[in-house]
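A.B. asks: My structure file my_file-v4.cif, mmCIF, C-alpha atoms, is below:
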```
data_data
loop_
_atom_site.label_atom_id
_atom_site.label_comp_id
_atom_site.auth_asym_id
_atom_site.auth_seq_id
_atom_site.Cartn_x
_atom_site.Cartn_y
_atom_site.Cartn_z
CA MET A 1448 -8.08 -38.93 43.09
CA ASP A 1449 -7.23 -35.30 42.43
CA TYR A 1450 -4.94 -33.77 39.83
CA ILE A 1451 -2.30 -31.16 40.69
CA ILE A 1452 -0.15 -29.34 38.14
CA LYS A 1453 3.47 -28.40 38.68
CA ASP A 1454 4.39 -24.70 38.35
CA GLY A 1455 1.01 -23.58 37.01
CA ILE A 1456 -0.10 -23.51 33.36
CA GLY A 1457 2.36 -21.87 31.01
CA SER A 1458 1.96 -20.95 27.37
CA LYS A 1459 3.72 -19.00 24.64
CA ASN A 1460 2.85 -15.74 26.38
CA THR A 1461 2.70 -16.99 29.98
CA ALA A 1462 5.75 -18.11 31.93
CA VAL A 1463 5.29 -20.78 34.60
CA ASN A 1464 5.61 -19.92 38.29
CA THR A 1465 4.04 -16.52 37.72
CA GLU A 1466 0.79 -15.08 39.03
CA LYS A 1467 -0.86 -15.54 35.64
CA ALA A 1468 0.26 -19.18 35.26
CA ILE A 1469 -1.02 -20.03 38.72
CA SER A 1470 -4.33 -18.26 38.05
CA LEU A 1471 -4.80 -20.24 34.82
CA ALA A 1472 -4.25 -23.49 36.69
CA LEU A 1473 -6.73 -22.57 39.41
CA SER A 1474 -9.38 -21.79 36.80
CA SER A 1475 -9.15 -25.29 35.31
CA SER A 1476 -12.05 -27.58 36.22
CA GLU A 1477 -9.78 -30.62 35.85
CA LEU A 1478 -7.26 -29.43 38.43
CA SER A 1479 -7.55 -29.37 42.21
CA GLY A 1480 -4.48 -27.21 42.73
CA VAL A 1481 -0.88 -26.26 42.02
CA SER A 1482 2.52 -27.54 43.15
CA LEU A 1483 5.28 -24.93 43.54
CA ASN A 1484 8.91 -24.86 44.65
CA LEU A 1485 10.33 -22.45 47.22
CA ASN A 1486 13.79 -20.92 47.36
CA MET A 1487 15.47 -18.32 49.57
CA THR A 1488 17.31 -15.23 48.36
CA LYS A 1489 20.58 -13.83 49.67
CA ASP A 1490 18.65 -11.41 51.88
CA HIS A 1491 16.34 -14.19 53.13
CA TYR A 1492 13.17 -13.59 51.13
CA ILE A 1493 11.24 -16.70 50.09
CA VAL A 1494 10.45 -16.83 46.38
CA ILE A 1495 8.51 -19.11 44.02
CA THR A 1496 10.86 -20.69 41.48
CA ALA A 1497 11.46 -24.13 40.03
CA GLY A 1498 15.27 -24.05 40.13
CA ASN A 1499 18.28 -22.41 41.71
CA THR A 1500 18.65 -19.78 39.00
CA LEU A 1501 16.31 -17.02 37.87
CA PRO A 1502 14.14 -18.28 34.97
CA GLY A 1503 15.59 -17.00 31.70
CA PHE A 1504 18.78 -15.85 33.43
CA PRO A 1505 21.01 -18.89 34.01
CA ASN A 1506 23.85 -16.79 35.42
CA ILE A 1507 21.74 -15.32 38.23
CA GLY A 1508 21.59 -17.64 41.23
CA ILE A 1509 18.55 -17.21 43.49
CA GLN A 1510 20.53 -17.71 46.68
CA ASN A 1511 23.31 -15.38 45.54
CA ALA A 1512 21.07 -12.39 44.73
CA THR A 1513 18.89 -10.07 46.77
CA LEU A 1514 15.17 -9.81 46.11
CA GLU A 1515 15.66 -6.31 44.71
CA GLU A 1516 18.22 -7.64 42.23
CA LEU A 1517 15.86 -10.42 41.14
CA LYS A 1518 12.83 -8.15 40.80
CA VAL A 1519 14.65 -6.02 38.21
CA HIS A 1520 14.34 -8.81 35.63
CA ASN A 1521 11.34 -9.86 33.57
CA ILE A 1522 10.77 -13.61 33.98
CA GLY A 1523 7.61 -13.46 31.90
CA THR A 1524 7.37 -12.57 28.22
CA ARG A 1525 7.37 -9.37 26.23
CA VAL A 1526 3.62 -9.63 25.88
CA SER A 1527 3.12 -10.39 29.57
CA PRO A 1528 6.01 -9.12 31.74
CA GLN A 1529 6.25 -10.75 35.17
CA GLN A 1530 8.50 -10.45 38.20
CA ILE A 1531 9.51 -13.32 40.43
CA LEU A 1532 6.87 -13.94 43.10
CA THR A 1533 7.66 -13.94 46.79
CA LEU A 1534 5.90 -16.42 49.02
CA GLY A 1535 4.14 -13.54 50.77
CA GLU A 1536 2.88 -12.10 47.48
CA PHE A 1537 1.68 -15.52 46.34
CA LEU A 1538 -0.24 -16.16 49.55
CA GLU A 1539 -1.77 -12.70 49.52
CA TYR A 1540 -2.90 -13.09 45.89
CA PHE A 1541 -4.49 -16.52 46.37
CA HIS A 1542 -5.38 -16.81 50.06
CA GLN A 1543 -9.12 -16.79 49.33
CA ASP A 1544 -8.92 -19.62 46.81
CA ALA A 1545 -10.24 -22.94 48.10
CA LYS A 1546 -8.01 -25.11 45.92
CA THR A 1547 -4.90 -26.97 47.07
CA PHE A 1548 -1.41 -25.47 47.14
CA ILE A 1549 1.61 -27.74 47.55
CA LEU A 1550 4.95 -26.13 48.42
CA THR A 1551 8.29 -27.93 48.10
CA MET A 1552 11.37 -27.00 50.11
CA GLU A 1553 14.69 -28.34 48.79
CA ASP A 1554 17.95 -28.58 50.71
CA HIS A 1555 19.48 -25.23 51.74
CA LYS A 1556 22.38 -26.89 53.59
CA GLU A 1557 23.55 -24.76 56.52
CA HIS A 1558 20.60 -22.40 55.98
CA ASN A 1559 17.88 -25.04 56.44
CA LYS A 1560 16.89 -23.81 59.89
CA LEU A 1561 16.54 -20.21 58.71
CA PHE A 1562 14.71 -21.41 55.60
CA VAL A 1563 12.13 -23.28 57.70
CA GLU A 1564 11.73 -20.47 60.22
CA THR A 1565 11.14 -17.89 57.48
CA VAL A 1566 8.65 -20.03 55.57
CA SER A 1567 6.79 -20.96 58.76
CA ARG A 1568 6.49 -17.35 59.91
CA ILE A 1569 4.88 -16.38 56.59
CA VAL A 1570 2.65 -19.42 56.12
CA ASN A 1571 1.31 -19.33 59.67
CA GLN A 1572 -0.38 -16.03 58.83
CA TYR A 1573 -2.81 -17.86 56.50
CA PRO A 1574 -4.73 -20.38 58.61
CA ASN A 1575 -7.60 -20.89 56.17
CA MET A 1576 -5.64 -21.95 53.09
CA ASN A 1577 -5.39 -25.55 51.92
CA LEU A 1578 -1.59 -25.68 52.14
CA TYR A 1579 0.75 -28.66 52.06
CA ILE A 1580 4.51 -28.30 52.60
CA LYS A 1581 6.93 -31.10 51.73
CA SER A 1582 10.64 -31.76 51.55
CA PRO A 1583 13.05 -34.64 50.87
CA VAL A 1584 15.30 -33.37 53.68
CA ALA A 1585 14.71 -34.89 57.13
CA GLU A 1586 16.03 -31.81 58.94
CA ILE A 1587 13.54 -29.59 57.14
CA VAL A 1588 10.57 -31.93 57.62
CA LEU A 1589 11.14 -32.42 61.34
CA TYR A 1590 11.63 -28.70 61.98
CA LEU A 1591 8.51 -27.88 59.96
CA ARG A 1592 6.54 -30.19 62.23
CA GLU A 1593 7.61 -28.07 65.18
CA LEU A 1594 6.85 -24.66 63.68
CA ILE A 1595 3.96 -25.03 61.23
CA GLN A 1596 0.60 -24.33 62.87
CA PHE A 1597 -2.04 -24.86 60.17
CA ALA A 1598 -0.54 -26.26 56.95
CA LYS A 1599 0.02 -29.99 56.44
CA VAL A 1600 3.61 -31.26 56.60
CA GLY A 1601 4.91 -34.21 54.60
CA ALA A 1602 8.03 -35.91 53.26
CA ILE A 1603 9.21 -36.58 49.73
CA LEU A 1604 10.47 -40.14 49.27
CA LEU A 1605 13.35 -40.08 46.79
CA ASN A 1606 14.11 -43.78 47.17
CA GLU A 1607 13.21 -46.82 49.24
CA ASN A 1608 14.19 -45.20 52.52
CA PRO A 1609 12.08 -46.36 55.48
CA TYR A 1610 13.10 -43.47 57.76
CA PHE A 1611 10.25 -41.14 56.81
CA LEU A 1612 7.72 -43.95 56.98
CA LYS A 1613 8.42 -44.24 60.71
CA GLN A 1614 7.49 -40.59 61.26
CA SER A 1615 3.95 -39.45 62.00
CA LEU A 1616 3.40 -37.12 59.05
CA ASP A 1617 0.31 -35.63 57.41
CA PHE A 1618 1.18 -36.99 53.97
CA TYR A 1619 3.86 -38.62 51.83
CA SER A 1620 4.95 -37.76 48.30
CA LEU A 1621 6.65 -40.23 45.98
CA ALA A 1622 9.27 -38.44 43.87
CA LYS A 1623 8.82 -40.94 41.06
CA PRO A 1624 5.99 -43.31 40.12
CA THR A 1625 8.35 -46.31 40.18
CA LEU A 1626 8.23 -46.10 44.00
CA CYS A 1627 4.53 -47.04 44.04
CA PRO A 1628 5.11 -50.80 44.52
CA TYR A 1629 7.43 -50.06 47.45
CA TRP A 1630 4.86 -47.73 48.99
CA SER A 1631 2.06 -50.26 48.66
CA LYS A 1632 4.11 -52.86 50.54
CA GLN A 1633 5.23 -50.50 53.31
CA LYS A 1634 2.05 -48.55 54.06
CA SER A 1635 -1.15 -50.40 54.81
CA GLU A 1636 -3.38 -47.66 56.22
CA GLU A 1637 -5.65 -46.22 53.56
CA GLY A 1638 -6.29 -43.02 55.50
CA VAL A 1639 -2.89 -41.47 54.81
CA LEU A 1640 -2.72 -38.89 52.02
CA LEU A 1641 -0.46 -39.90 49.13
CA MET A 1642 1.05 -37.75 46.39
CA VAL A 1643 2.80 -39.11 43.32
CA GLU A 1644 5.05 -36.74 41.40
CA ASN A 1645 6.51 -36.60 37.88
CA ILE A 1646 3.55 -38.09 36.03
CA CYS A 1647 4.75 -37.63 32.46
CA ASP A 1648 2.53 -39.75 30.20
CA GLU A 1649 -0.66 -41.81 30.17
CA GLN A 1650 1.00 -45.22 30.63
CA VAL A 1651 2.85 -44.01 33.73
CA ALA A 1652 -0.40 -42.55 35.03
CA VAL A 1653 -2.39 -45.75 34.50
CA ASN A 1654 0.33 -47.91 36.07
CA THR A 1655 0.39 -45.56 39.07
CA ILE A 1656 -3.37 -45.88 39.57
CA ARG A 1657 -3.19 -49.67 39.39
CA GLU A 1658 -0.31 -49.89 41.87
CA VAL A 1659 -1.88 -47.70 44.54
CA GLN A 1660 -5.60 -48.11 43.82
CA SER A 1661 -6.44 -48.61 47.51
CA PHE A 1662 -5.23 -45.03 48.12
CA LEU A 1663 -7.19 -43.36 45.30
CA LYS A 1664 -9.70 -41.70 47.62
CA LYS A 1665 -6.87 -39.75 49.24
CA MET A 1666 -4.35 -39.24 46.48
CA TYR A 1667 -2.92 -36.34 44.51
CA MET A 1668 -1.39 -37.04 41.11
CA ILE A 1669 1.10 -34.29 40.28
CA VAL A 1670 1.44 -33.83 36.51
CA ASN A 1671 4.33 -32.01 34.88
CA ASP A 1672 2.45 -29.69 32.52
CA ALA A 1673 -0.85 -28.87 30.84
CA ASN A 1674 -0.17 -31.04 27.77
CA THR A 1675 0.36 -34.06 30.01
CA LEU A 1676 -2.84 -33.29 31.90
CA SER A 1677 -4.93 -33.13 28.73
CA THR A 1678 -3.48 -36.48 27.59
CA ILE A 1679 -3.79 -38.45 30.82
CA TYR A 1680 -7.03 -37.05 32.26
CA PRO A 1681 -9.57 -39.01 30.14
CA VAL A 1682 -7.47 -42.18 30.33
CA CYS A 1683 -7.12 -41.97 34.11
CA GLN A 1684 -10.80 -41.24 34.65
CA LYS A 1685 -11.70 -44.29 32.58
CA GLU A 1686 -9.28 -46.44 34.58
CA ILE A 1687 -10.70 -45.19 37.89
CA GLU A 1688 -14.28 -45.82 36.74
CA GLY A 1689 -13.31 -49.39 35.89
CA ILE A 1690 -11.79 -49.92 39.33
CA GLU A 1691 -14.86 -48.48 41.03
CA GLN A 1692 -17.22 -50.71 39.02
CA LYS A 1693 -15.24 -53.80 39.98
CA GLY A 1694 -15.49 -52.80 43.64
CA GLU A 1695 -19.27 -52.46 43.61
#
```
Could you express the structure from this file as structure tokens?

C.D. replies:
Amino acid sequence: MDYIIKDGIGSKNTAVNTEKAISLALSSSELSGVSLNLNMTKDHYIVITAGNTLPGFPNIGIQNATLEELKVHNIGTRVSPQQILTLGEFLEYFHQDAKTFILTMEDHKEHNKLFVETVSRIVNQYPNMNLYIKSPVAEIVLYLRELIQFAKVGAILLNENPYFLKQSLDFYSLAKPTLCPYWSKQKSEEGVLLMVENICDEQVAVNTIREVQSFLKKMYMIVNDANTLSTIYPVCQKEIEGIEQKGE
């Protein structure tokens, strides 16, 4: 099992979803990669951001502003000023890194097709990166399968919806750990890659491992932040060691 952190590693002087936060996460020996969210600006640039508004500026909507308007603002700190990252900038900065990068595409309604086409055109320029792209939106996932050449394409399961399970996808991501029992009943093949999101404490992490232990060899646990990682890591490793010893 591998550990992935959401949005990079932030701190008092480092804002998440910035080049520095991502770099800090990639330098961690406990982490195998980073999970990031994508959004599209008014003038159709793809940017790295966790929500629909500019971090620190709740009145500035990502989809209602141009990239130039967003770049004016400091989303970092006074000590470490940062601009919002475009997808192209992110890939150019980190394309030589061997770790895993997971990109999430949320619903852009009537702009979903353009969203997918723009992301695909950029991502397809980086064939050697370990990229995974996922979405909870069927329209986005199916169109990604048509256009993406090298990255892996998967679906986010928000609930017990069997639709995505009927598709031939590279991986599946459970939006919440409580879906693990459902997943275990529905999917029998151990070769499929599984991701479990929103791991928030050690009990949730341990329960997740126990529910899907047959998938541990091909599983990414996505933790919410660095504090959670430091808490759950030793507990999870101990749990996994116990499972492995029982299997010997």

A.B. asks: For a test of reading the model, state the distance in Å between atom CA of Ile1531 of chain A and atom CA of Tyr1667 of chain A, rounded to one decimal.

C.D. replies: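 These atoms are spaced 26.5 Å apart.
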
A.B. asks: Translate the PyMOL selection byres ((chain A and resi 1611) around 10), as applied to the file shown, into an explicit residue set as a PyMOL selection string.

C.D. replies: chain A and resi 1583-1585+1588-1589+1601-1604+1607-1610+1612-1616+1619

A.B. asks: Going by the chain IDs and residue numbers used in this file, which residues fall under the PyMOL selection byres ((chain A and resi 1651-1657) around 7)? Write them as a list in words.

C.D. replies: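 Applied to this file, the PyMOL selection byres ((chain A and resi 1651-1657) around 7) returns Pro1624, Cys1627, Ile1646, Cys1647, Asp1648, Glu1649, Gln1650, Glu1658, Val1659, Gln1660, Ile1679, Cys1683 and Glu1686 of chain A.
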
A.B. asks: So which one's closest to Asn1645 of chain A, A:Leu1485, A:Leu1471, A:Ile1452, A:Leu1532? Using all atoms listed in the file, please.

C.D. replies: A:Ile1452

A.B. asks: Using all atoms listed in the file, can you tell me which of A:Asp1449, A:Ile1495, A:Asp1490, A:Ala1545 comes closest to Leu1473 of chain A?

C.D. replies: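 Between A:Asp1449, A:Ile1495, A:Asp1490, A:Ala1545, the residue approaching Leu1473 of chain A most closely is A:Ala1545.
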
A.B. asks: Between A:Asn1575, A:Ser1482, A:Gln1596, A:Thr1625, which residue has the minimum interatomic distance to Ile1669 of chain A, considering all atoms listed in the file?

C.D. replies: A:Ser1482

A.B. asks: What's around Ile1595 of chain A at 10 Å? Count all atoms listed in the file, leave out sequence neighbours fewer than 3 positions away in its own chain, and write the answer as a list in words.

C.D. replies: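 The contact residues come out as Val1563, Glu1564, Val1566, Ser1567, Arg1568, Ile1569, Val1570, Asn1571, Ile1580, Tyr1590, Leu1591, Arg1592, Ala1598, Lys1599 and Val1600 of chain A.
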
A.B. asks: Pull out every residue that the PyMOL selection byres ((chain A and resi 1454) around 10) matches in the shown coordinates and put them as a list in words.

C.D. replies: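 Here the PyMOL selection byres ((chain A and resi 1454) around 10) matches Ile1451, Ile1452, Lys1453, Gly1455, Ile1456, Gly1457, Ala1462, Val1463, Asn1464, Thr1465, Ala1468, Ile1469, Ala1472, Val1481, Ser1482, Leu1483, Asn1484, Ile1495, Thr1496, Ala1497, Val1670, Asn1671 and Asp1672 of chain A.
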
A.B. asks: Rounded to one decimal in Å, what is the spacing between atom CA of Glu1557 of chain A and atom CA of Leu1594 of chain A?

C.D. replies: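 The value is 18.2 Å.
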
A.B. asks: Please compute the atom CA of Met1666 of chain A-atom CA of Val1639 of chain A distance, one decimal, in Å.

C.D. replies: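 Result for atom CA of Met1666 of chain A versus atom CA of Val1639 of chain A: 8.7 Å, one decimal.
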
A.B. asks: Counting all atoms listed in the file, which residue out of A:Ile1507, A:Tyr1492, A:Ala1622, A:Met1642 sits closest to Met1668 of chain A?

C.D. replies: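 Closest candidate: A:Met1642.
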
A.B. asks: A:Met1448, A:Ile1509, A:Met1552, A:Ile1493: which is nearest Leu1534 of chain A, counting only C-alpha atoms?

C.D. replies: A:Ile1493

A.B. asks: With a distance cut-off of 12 Å and only C-alpha atoms, select the neighbouring residues of segment 1510-1520 of chain A, excluding the residue or stretch itself and same-chain residues fewer than 5 positions from it, and output the selection as a PyMOL selection string.

C.D. replies: chain A and resi 1485-1496+1498-1504+1525+1528-1534+1554-1556+1558+1562

A.B. asks: Report as number ranges by chain all protein, DNA and RNA residues lying within 7 Å of Asn1460 of chain A, evaluated on all atoms listed in the file, omitting residues in the same chain fewer than 2 positions from it.

C.D. replies: A: 1458, 1462, 1524, 1526-1527

A.B. asks: Check the smallest atom-to-atom distance from each of A:Tyr1450, A:Ile1587, A:Tyr1629, A:Asn1577 to Leu1663 of chain A using all atoms listed in the file, then report the winner.

C.D. replies: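 Of the candidates, the smallest distance to Leu1663 of chain A is held by A:Tyr1450.
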
A.B. asks: Mind giving me the axis-aligned box for segment 1603-1610 of chain A with 5 Å on every side, centre plus edges in Å to one decimal, as JSON?

C.D. replies:
```
{"center_x": 11.7, "center_y": -41.7, "center_z": 52.3, "size_x": 15.0, "size_y": 20.2, "size_z": 21.0}
```
